[in-house]
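K.L.:
As input, take data16.json (JSON, C-alpha atoms):
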[["chain", "number", "residue", "atom", "x", "y", "z"],
["A", 401, "ASP", "CA", 147.28, 81.98, 142.17],
["A", 402, "TRP", "CA", 144.10, 81.65, 140.12],
["A", 403, "GLY", "CA", 144.22, 84.80, 138.03],
["A", 404, "PRO", "CA", 141.66, 87.62, 137.85],
["A", 405, "GLU", "CA", 138.71, 85.36, 138.70],
["A", 406, "GLY", "CA", 140.46, 84.09, 141.80],
["A", 407, "LEU", "CA", 141.25, 87.62, 142.90],
["A", 408, "LYS", "CA", 137.67, 88.77, 142.40],
["A", 409, "GLU", "CA", 136.40, 85.80, 144.40],
["A", 410, "THR", "CA", 138.84, 86.54, 147.22],
["A", 411, "LEU", "CA", 137.77, 90.18, 147.35],
["A", 412, "SER", "CA", 134.11, 89.14, 147.39],
["A", 413, "VAL", "CA", 134.62, 86.65, 150.22],
["A", 414, "LEU", "CA", 136.45, 89.24, 152.33],
["A", 415, "GLN", "CA", 133.79, 91.86, 151.68],
["A", 416, "HIS", "CA", 131.01, 89.52, 152.75],
["A", 417, "ALA", "CA", 133.00, 88.67, 155.88],
["A", 418, "GLY", "CA", 133.22, 92.37, 156.76],
["A", 419, "ILE", "CA", 136.99, 92.53, 156.21],
["A", 420, "GLN", "CA", 138.35, 95.62, 154.50],
["A", 421, "THR", "CA", 140.96, 95.33, 151.76],
["A", 422, "ALA", "CA", 143.70, 97.57, 150.37],
["A", 423, "GLY", "CA", 146.13, 97.26, 147.50],
["A", 424, "ALA", "CA", 143.99, 95.01, 145.30],
["A", 425, "GLY", "CA", 140.69, 95.46, 143.54],
["A", 426, "THR", "CA", 138.40, 94.65, 140.66],
["A", 427, "ASP", "CA", 139.82, 97.76, 138.98],
["A", 428, "LEU", "CA", 142.51, 100.39, 139.59],
["A", 429, "VAL", "CA", 140.26, 102.71, 141.60],
["A", 430, "GLN", "CA", 139.47, 99.98, 144.12],
["A", 431, "ALA", "CA", 143.08, 98.79, 144.22],
["A", 432, "GLN", "CA", 144.28, 102.30, 145.05],
["A", 433, "SER", "CA", 141.62, 102.95, 147.69],
["A", 434, "PRO", "CA", 142.79, 102.66, 151.30],
["A", 435, "ALA", "CA", 141.22, 100.57, 154.01],
["A", 436, "ILE", "CA", 139.88, 103.06, 156.56],
["A", 437, "ILE", "CA", 139.65, 101.89, 160.15],
["A", 438, "SER", "CA", 137.84, 104.20, 162.56],
["A", 439, "LEU", "CA", 139.04, 104.36, 166.15],
["A", 440, "ALA", "CA", 136.48, 105.68, 168.61],
["A", 441, "GLY", "CA", 137.60, 109.09, 169.76],
["A", 442, "LYS", "CA", 141.05, 108.67, 168.21],
["A", 443, "GLY", "CA", 140.72, 109.44, 164.52],
["A", 444, "ARG", "CA", 141.34, 106.79, 161.88],
["A", 445, "VAL", "CA", 144.00, 104.46, 160.49],
["A", 446, "LEU", "CA", 144.36, 104.67, 156.70],
["A", 447, "VAL", "CA", 146.03, 101.62, 155.14],
["A", 448, "PHE", "CA", 147.40, 101.98, 151.61],
["A", 449, "ALA", "CA", 148.97, 98.86, 150.11],
["A", 450, "PHE", "CA", 151.30, 98.30, 147.16],
["A", 451, "GLY", "CA", 153.33, 95.66, 145.38],
["A", 452, "SER", "CA", 156.74, 96.41, 143.89],
["A", 453, "ARG", "CA", 158.03, 94.95, 140.65],
["A", 454, "TYR", "CA", 161.29, 94.34, 142.52],
["A", 455, "SER", "CA", 159.67, 91.54, 144.53],
["A", 456, "GLY", "CA", 159.03, 89.42, 141.45],
["A", 457, "ILE", "CA", 155.53, 90.70, 140.71],
["A", 458, "GLY", "CA", 154.70, 90.62, 137.02],
["A", 459, "ALA", "CA", 153.52, 93.70, 135.14],
["A", 460, "ASN", "CA", 150.28, 91.92, 134.25],
["A", 461, "TRP", "CA", 149.35, 91.78, 137.94],
["A", 462, "GLY", "CA", 148.73, 95.54, 137.97],
["A", 463, "ALA", "CA", 145.12, 96.65, 138.10],
["A", 464, "THR", "CA", 143.76, 98.83, 135.28],
["A", 465, "SER", "CA", 140.45, 100.57, 134.62],
["A", 466, "SER", "CA", 139.17, 97.33, 133.11],
["A", 467, "ARG", "CA", 141.23, 94.60, 134.79],
["A", 468, "PRO", "CA", 141.41, 93.28, 138.37],
["A", 469, "GLY", "CA", 144.81, 93.40, 140.02],
["A", 470, "ILE", "CA", 147.01, 95.08, 142.57],
["A", 471, "ASP", "CA", 148.28, 98.61, 143.09],
["A", 472, "LEU", "CA", 151.60, 98.03, 141.36],
["A", 473, "LEU", "CA", 154.70, 100.18, 141.86],
["A", 474, "SER", "CA", 156.82, 99.99, 138.73],
["A", 475, "GLU", "CA", 159.62, 102.07, 140.26],
["A", 476, "LEU", "CA", 160.61, 103.15, 143.75],
["A", 477, "THR", "CA", 161.19, 106.80, 142.89],
["A", 478, "THR", "CA", 160.65, 110.27, 144.33],
["A", 479, "GLU", "CA", 157.93, 110.81, 141.74],
["A", 480, "ALA", "CA", 156.11, 107.66, 142.85],
["A", 481, "ALA", "CA", 156.29, 108.73, 146.50],
["A", 482, "ALA", "CA", 154.95, 112.18, 145.62],
["A", 483, "ALA", "CA", 152.07, 110.64, 143.65],
["A", 484, "ILE", "CA", 151.15, 108.52, 146.66],
["A", 485, "GLY", "CA", 151.28, 111.69, 148.72],
["A", 486, "THR", "CA", 148.60, 113.25, 146.53],
["A", 487, "ARG", "CA", 146.32, 110.29, 147.23],
["A", 488, "VAL", "CA", 147.05, 110.34, 150.96],
["A", 489, "ALA", "CA", 146.32, 114.06, 151.17],
["A", 490, "GLN", "CA", 142.89, 113.54, 149.60],
["A", 491, "VAL", "CA", 141.87, 111.26, 152.48],
["A", 492, "LYS", "CA", 143.99, 112.08, 155.52],
["A", 493, "GLN", "CA", 142.46, 114.30, 158.19],
["A", 494, "PRO", "CA", 143.90, 115.66, 161.46],
["A", 495, "GLY", "CA", 144.29, 112.78, 163.91],
["A", 496, "ASP", "CA", 144.57, 110.14, 161.16],
["A", 497, "ILE", "CA", 147.48, 107.71, 160.94],
["A", 498, "ALA", "CA", 148.58, 106.71, 157.42],
["A", 499, "VAL", "CA", 150.18, 103.32, 156.85],
["A", 500, "ALA", "CA", 151.92, 102.27, 153.63],
["A", 501, "SER", "CA", 152.14, 98.49, 153.37],
["A", 502, "ILE", "CA", 154.57, 97.43, 150.63],
["A", 503, "HIS", "CA", 155.53, 94.03, 149.27],
["A", 504, "TRP", "CA", 159.10, 94.60, 148.07],
["A", 505, "GLY", "CA", 162.52, 93.01, 147.78],
["A", 506, "GLY", "CA", 163.65, 89.41, 147.88],
["A", 507, "ASN", "CA", 162.63, 86.56, 150.12],
["A", 508, "TRP", "CA", 166.03, 86.03, 151.77],
["A", 509, "GLY", "CA", 168.88, 88.21, 152.96],
["A", 510, "TYR", "CA", 169.30, 91.02, 155.47],
["A", 511, "GLU", "CA", 170.57, 93.71, 153.11],
["A", 512, "ILE", "CA", 168.22, 96.66, 152.63],
["A", 513, "PRO", "CA", 168.67, 98.15, 149.14],
["A", 514, "SER", "CA", 169.27, 101.88, 149.04],
["A", 515, "ALA", "CA", 166.23, 102.28, 146.75],
["A", 516, "GLN", "CA", 163.96, 100.85, 149.45],
["A", 517, "ARG", "CA", 165.38, 103.05, 152.16],
["A", 518, "GLU", "CA", 165.15, 106.19, 150.03],
["A", 519, "PHE", "CA", 161.59, 105.35, 149.01],
["A", 520, "ALA", "CA", 160.57, 104.75, 152.63],
["A", 521, "HIS", "CA", 162.03, 108.12, 153.57],
["A", 522, "GLY", "CA", 160.21, 109.69, 150.61],
["A", 523, "LEU", "CA", 156.89, 108.27, 151.77],
["A", 524, "ILE", "CA", 157.41, 110.01, 155.11],
["A", 525, "ASP", "CA", 158.81, 113.26, 153.68],
["A", 526, "LEU", "CA", 156.55, 113.61, 150.64],
["A", 527, "ALA", "CA", 153.48, 111.46, 151.21],
["A", 528, "GLY", "CA", 152.58, 112.08, 154.85],
["A", 529, "VAL", "CA", 152.96, 108.40, 155.74],
["A", 530, "ASP", "CA", 153.39, 107.62, 159.44],
["A", 531, "VAL", "CA", 154.24, 103.89, 159.28],
["A", 532, "VAL", "CA", 155.99, 101.99, 156.48],
["A", 533, "HIS", "CA", 155.13, 98.29, 156.72],
["A", 534, "GLY", "CA", 157.51, 96.42, 154.44],
["A", 535, "HIS", "CA", 157.24, 92.72, 153.72],
["A", 536, "SER", "CA", 158.45, 89.97, 151.39],
["A", 537, "SER", "CA", 161.37, 88.52, 153.34],
["A", 538, "HIS", "CA", 160.58, 85.26, 155.10],
["A", 539, "HIS", "CA", 162.56, 86.41, 158.13],
["A", 540, "VAL", "CA", 162.80, 89.54, 160.27],
["A", 541, "LYS", "CA", 164.97, 92.42, 159.07],
["A", 542, "GLY", "CA", 166.34, 95.61, 160.59],
["A", 543, "ILE", "CA", 163.99, 98.32, 161.87],
["A", 544, "GLU", "CA", 164.43, 102.07, 161.37],
["A", 545, "VAL", "CA", 162.88, 105.14, 162.97],
["A", 546, "TYR", "CA", 163.12, 108.08, 160.56],
["A", 547, "ARG", "CA", 161.87, 111.51, 161.60],
["A", 548, "HIS", "CA", 160.08, 109.78, 164.48],
["A", 549, "ARG", "CA", 158.24, 107.45, 162.05],
["A", 550, "LEU", "CA", 158.42, 103.66, 162.09],
["A", 551, "ILE", "CA", 159.87, 101.78, 159.10],
["A", 552, "LEU", "CA", 159.67, 97.98, 159.06],
["A", 553, "TYR", "CA", 161.72, 96.78, 156.10],
["A", 554, "GLY", "CA", 160.87, 93.10, 156.47],
["A", 555, "CYS", "CA", 158.60, 91.54, 159.08],
["A", 556, "GLY", "CA", 159.11, 87.88, 158.30],
["A", 557, "ASP", "CA", 156.24, 85.41, 158.11],
["A", 558, "PHE", "CA", 153.55, 85.42, 160.77],
["A", 559, "LEU", "CA", 151.59, 82.50, 159.34],
["A", 560, "SER", "CA", 152.51, 80.85, 156.05],
["A", 561, "ASP", "CA", 152.63, 77.56, 154.19],
["A", 562, "TYR", "CA", 156.43, 77.64, 153.80],
["A", 563, "GLU", "CA", 156.89, 75.50, 156.88],
["A", 564, "GLY", "CA", 159.14, 72.53, 156.20],
["A", 565, "LEU", "CA", 160.84, 73.90, 153.09],
["A", 566, "ARG", "CA", 164.58, 73.35, 153.22],
["A", 567, "GLY", "CA", 167.55, 75.45, 152.20],
["A", 568, "HIS", "CA", 167.40, 78.64, 154.29],
["A", 569, "GLU", "CA", 167.48, 77.34, 157.84],
["A", 570, "GLU", "CA", 170.12, 79.90, 158.89],
["A", 571, "TYR", "CA", 167.48, 82.64, 158.62],
["A", 572, "ARG", "CA", 165.10, 80.82, 160.99],
["A", 573, "PRO", "CA", 161.97, 81.52, 158.91],
["A", 574, "ASP", "CA", 159.97, 79.68, 161.57],
["A", 575, "LEU", "CA", 160.55, 82.60, 163.95],
["A", 576, "GLY", "CA", 158.56, 85.79, 163.66],
["A", 577, "MET", "CA", 157.13, 88.71, 165.57],
["A", 578, "MET", "CA", 153.95, 90.52, 166.42],
["A", 579, "TYR", "CA", 154.65, 94.23, 165.93],
["A", 580, "LEU", "CA", 152.62, 96.42, 168.30],
["A", 581, "PRO", "CA", 153.43, 100.11, 167.74],
["A", 582, "MET", "CA", 152.02, 102.93, 169.85],
["A", 583, "LEU", "CA", 151.76, 106.22, 167.95],
["A", 584, "ASP", "CA", 150.77, 109.75, 168.89],
["A", 585, "ALA", "CA", 147.64, 110.37, 166.85],
["A", 586, "ALA", "CA", 148.13, 114.13, 166.76],
["A", 587, "SER", "CA", 151.61, 113.98, 165.22],
["A", 588, "GLY", "CA", 152.05, 110.43, 163.89],
["A", 589, "ARG", "CA", 155.23, 110.06, 165.92],
["A", 590, "LEU", "CA", 156.24, 106.65, 167.21],
["A", 591, "CYS", "CA", 155.94, 106.47, 170.99],
["A", 592, "SER", "CA", 156.92, 102.83, 171.44],
["A", 593, "LEU", "CA", 157.16, 99.51, 169.62],
["A", 594, "GLU", "CA", 156.48, 96.29, 171.48],
["A", 595, "LEU", "CA", 157.62, 93.08, 169.80],
["A", 596, "VAL", "CA", 156.24, 89.66, 170.70],
["A", 597, "PRO", "CA", 158.50, 86.79, 169.52],
["A", 598, "ASN", "CA", 156.70, 83.74, 168.21],
["A", 599, "ARG", "CA", 157.35, 80.61, 166.18],
["A", 600, "LEU", "CA", 155.40, 78.75, 163.56],
["A", 601, "ARG", "CA", 155.02, 75.03, 164.21],
["A", 602, "LYS", "CA", 152.54, 72.68, 162.54],
["A", 603, "PHE", "CA", 150.86, 75.76, 161.03],
["A", 604, "ARG", "CA", 150.10, 77.19, 164.45],
["A", 605, "ILE", "CA", 151.54, 80.26, 166.16],
["A", 606, "GLN", "CA", 153.30, 79.52, 169.44],
["A", 607, "ARG", "CA", 155.29, 81.61, 171.87],
["A", 608, "ALA", "CA", 159.00, 81.58, 171.14],
["A", 609, "SER", "CA", 161.26, 79.98, 173.71],
["A", 610, "ARG", "CA", 163.80, 82.06, 175.64],
["A", 611, "ARG", "CA", 166.59, 80.81, 173.37],
["A", 612, "GLU", "CA", 164.58, 81.65, 170.24],
["A", 613, "ALA", "CA", 163.75, 85.12, 171.57],
["A", 614, "ASP", "CA", 167.45, 85.64, 172.29],
["A", 615, "TRP", "CA", 168.26, 84.70, 168.68],
["A", 616, "LEU", "CA", 165.74, 87.24, 167.37],
["A", 617, "THR", "CA", 167.14, 89.84, 169.75],
["A", 618, "ASP", "CA", 170.66, 89.29, 168.43],
["A", 619, "VAL", "CA", 169.47, 89.60, 164.81],
["A", 620, "LEU", "CA", 167.50, 92.80, 165.41],
["A", 621, "ASN", "CA", 170.37, 94.37, 167.34],
["A", 622, "ARG", "CA", 172.91, 93.42, 164.68],
["A", 623, "GLU", "CA", 170.81, 94.63, 161.76],
["A", 624, "GLY", "CA", 169.34, 97.58, 163.62],
["A", 625, "GLU", "CA", 172.76, 98.97, 164.50],
["A", 626, "LYS", "CA", 173.14, 100.09, 160.88],
["A", 627, "LEU", "CA", 169.80, 101.90, 161.15],
["A", 628, "GLY", "CA", 170.18, 103.42, 164.61],
["A", 629, "THR", "CA", 167.93, 101.01, 166.48],
["A", 630, "GLY", "CA", 168.14, 98.08, 168.85],
["A", 631, "VAL", "CA", 165.89, 96.02, 171.10],
["A", 632, "ARG", "CA", 165.81, 95.34, 174.82],
["A", 633, "ARG", "CA", 164.18, 92.57, 176.77],
["A", 634, "GLY", "CA", 160.94, 93.24, 178.62],
["A", 635, "GLY", "CA", 158.65, 91.18, 180.78],
["A", 636, "GLN", "CA", 156.85, 88.02, 179.65],
["A", 637, "GLY", "CA", 159.43, 87.36, 176.94],
["A", 638, "ARG", "CA", 158.58, 90.53, 175.01],
["A", 639, "LEU", "CA", 160.98, 92.97, 173.37],
["A", 640, "TRP", "CA", 160.94, 96.76, 173.08],
["A", 641, "LEU", "CA", 162.51, 98.86, 170.35],
["A", 642, "ALA", "CA", 165.17, 101.33, 171.42],
["A", 643, "TRP", "CA", 166.19, 104.36, 169.34],
["A", 644, "ASN", "CA", 167.38, 107.94, 169.69],
["A", 645, "LYS", "CA", 164.17, 109.89, 170.38],
["A", 646, "ARG", "CA", 165.68, 113.37, 170.06]]
Starting from the file, lay out its structure as structure tokens.

P.N.:
Amino acid sequence: DWGPEGLKETLSVLQHAGIQTAGAGTDLVQAQSPAIISLAGKGRVLVFAFGSRYSGIGANWGATSSRPGIDLLSELTTEAAAAIGTRVAQVKQPGDIAVASIHWGGNWGYEIPSAQREFAHGLIDLAGVDVVHGHSSHHVKGIEVYRHRLILYGCGDFLSDYEGLRGHEEYRPDLGMMYLPMLDAASGRLCSLELVPNRLRKFRIQRASRREADWLTDVLNREGEKLGTGVRRGGQGRLWLAWNKR
């Protein structure tokens, strides 16, 4: 919101707080560098992050060799996925899990553009990505499991300052999820996905009620049917993703 100086200050504050960053930097090299999270005895999680022009991001937000900014994707193409794959291959080691976190698409609506789906598949096929974490929509969207890899096309808002804005109540932007995937470190395959329904109220995260969790269940089942997934109820109000594991 405050241009290059604001971005540099944000990065500095996070660094001093010991919080790793990905997808933004004081130059292109830093913006393209993944956050690397070591897991004792279990390899590492590599988080690469990107912003797509198709989510309303301006071209001048892209980092360059001399300008702060984000790792900007101008196009969601096979070539772009392959280029990301080159970067992943330079870092990824056996036992590592690679995550691609992408800000893409519009804020409202359940439709998943074919370009997004093809690009997500390309990241798995060509880039060695194990989890695609898509975001931009202010509400949950359908979930896909492709070649045993998790694709989240839109996670909704976990905590935001959009509370109270009118005009899109039918999407229930106050309802969200915690996404807790379990992956096999040796192969990157998804073993399970636990979903914890929650709601945002007075800028605090609360547990969703039974009725609210039922609403989220209906949405994920309706939208997931097109993608080969669904959800089932578990204990303590939690949900579990169901898909064909063959």

K.L.:
Counting all atoms listed in the file, which of A:Val531, A:Ile470, A:Val491, A:Ile436 gets nearest to A:His503?

P.N.:
A:Ile470

K.L.:
List the neighbours of A:Val488 out to 9 Å using all atoms listed in the file; skip same-chain residues closer than 5 positions along the sequence, and give me the result as a PyMOL selection string.

P.N.:
chain A and resi 434+446+448+483+498+527-529

K.L.:
Using atom CA of A:Leu550 and atom CA of A:Met582 as the two end points, give the distance in Å to one decimal.

P.N.:
10.1 Å

K.L.:
Taking 3 positions as the minimum chain separation for residues in the same chain, which residues sit within 6 Å of A:Gln432 when counting only C-alpha atoms? Answer as a list in words.

P.N.:
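In the requested format, the answer is Gly423, Val429 and Asp471 of chain A.
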
K.L.:
Please return as a tab-separated table (two decimals) with C-alpha atoms, keeping the file's coordinate frame every residue within 10 Å of (158.4, 92.7, 146.0), taking into account only C-alpha atoms and the file's own coordinates.

P.N.:
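And here is the file that came out, out08.tsv:
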chain	number	residue	atom	x	y	z
A	450	PHE	CA	151.30	98.30	147.16
A	451	GLY	CA	153.33	95.66	145.38
A	452	SER	CA	156.74	96.41	143.89
A	453	ARG	CA	158.03	94.95	140.65
A	454	TYR	CA	161.29	94.34	142.52
A	455	SER	CA	159.67	91.54	144.53
A	456	GLY	CA	159.03	89.42	141.45
A	457	ILE	CA	155.53	90.70	140.71
A	458	GLY	CA	154.70	90.62	137.02
A	472	LEU	CA	151.60	98.03	141.36
A	473	LEU	CA	154.70	100.18	141.86
A	502	ILE	CA	154.57	97.43	150.63
A	503	HIS	CA	155.53	94.03	149.27
A	504	TRP	CA	159.10	94.60	148.07
A	505	GLY	CA	162.52	93.01	147.78
A	506	GLY	CA	163.65	89.41	147.88
A	507	ASN	CA	162.63	86.56	150.12
A	534	GLY	CA	157.51	96.42	154.44
A	535	HIS	CA	157.24	92.72	153.72
A	536	SER	CA	158.45	89.97	151.39
A	537	SER	CA	161.37	88.52	153.34

K.L.:
Which residue gives the smallest distance to A:Lys645 among A:Val545, A:Ser609, A:Phe558, A:Asn621, with only C-alpha atoms counted?

P.N.:
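Among the listed residues, A:Val545 lies closest to A:Lys645.
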
K.L.:
Using all atoms listed in the file, find the one residue out of A:Val499, A:Ile419, A:Leu600, A:Leu616 that sits nearest to A:Arg632.

P.N.:
A:Leu616
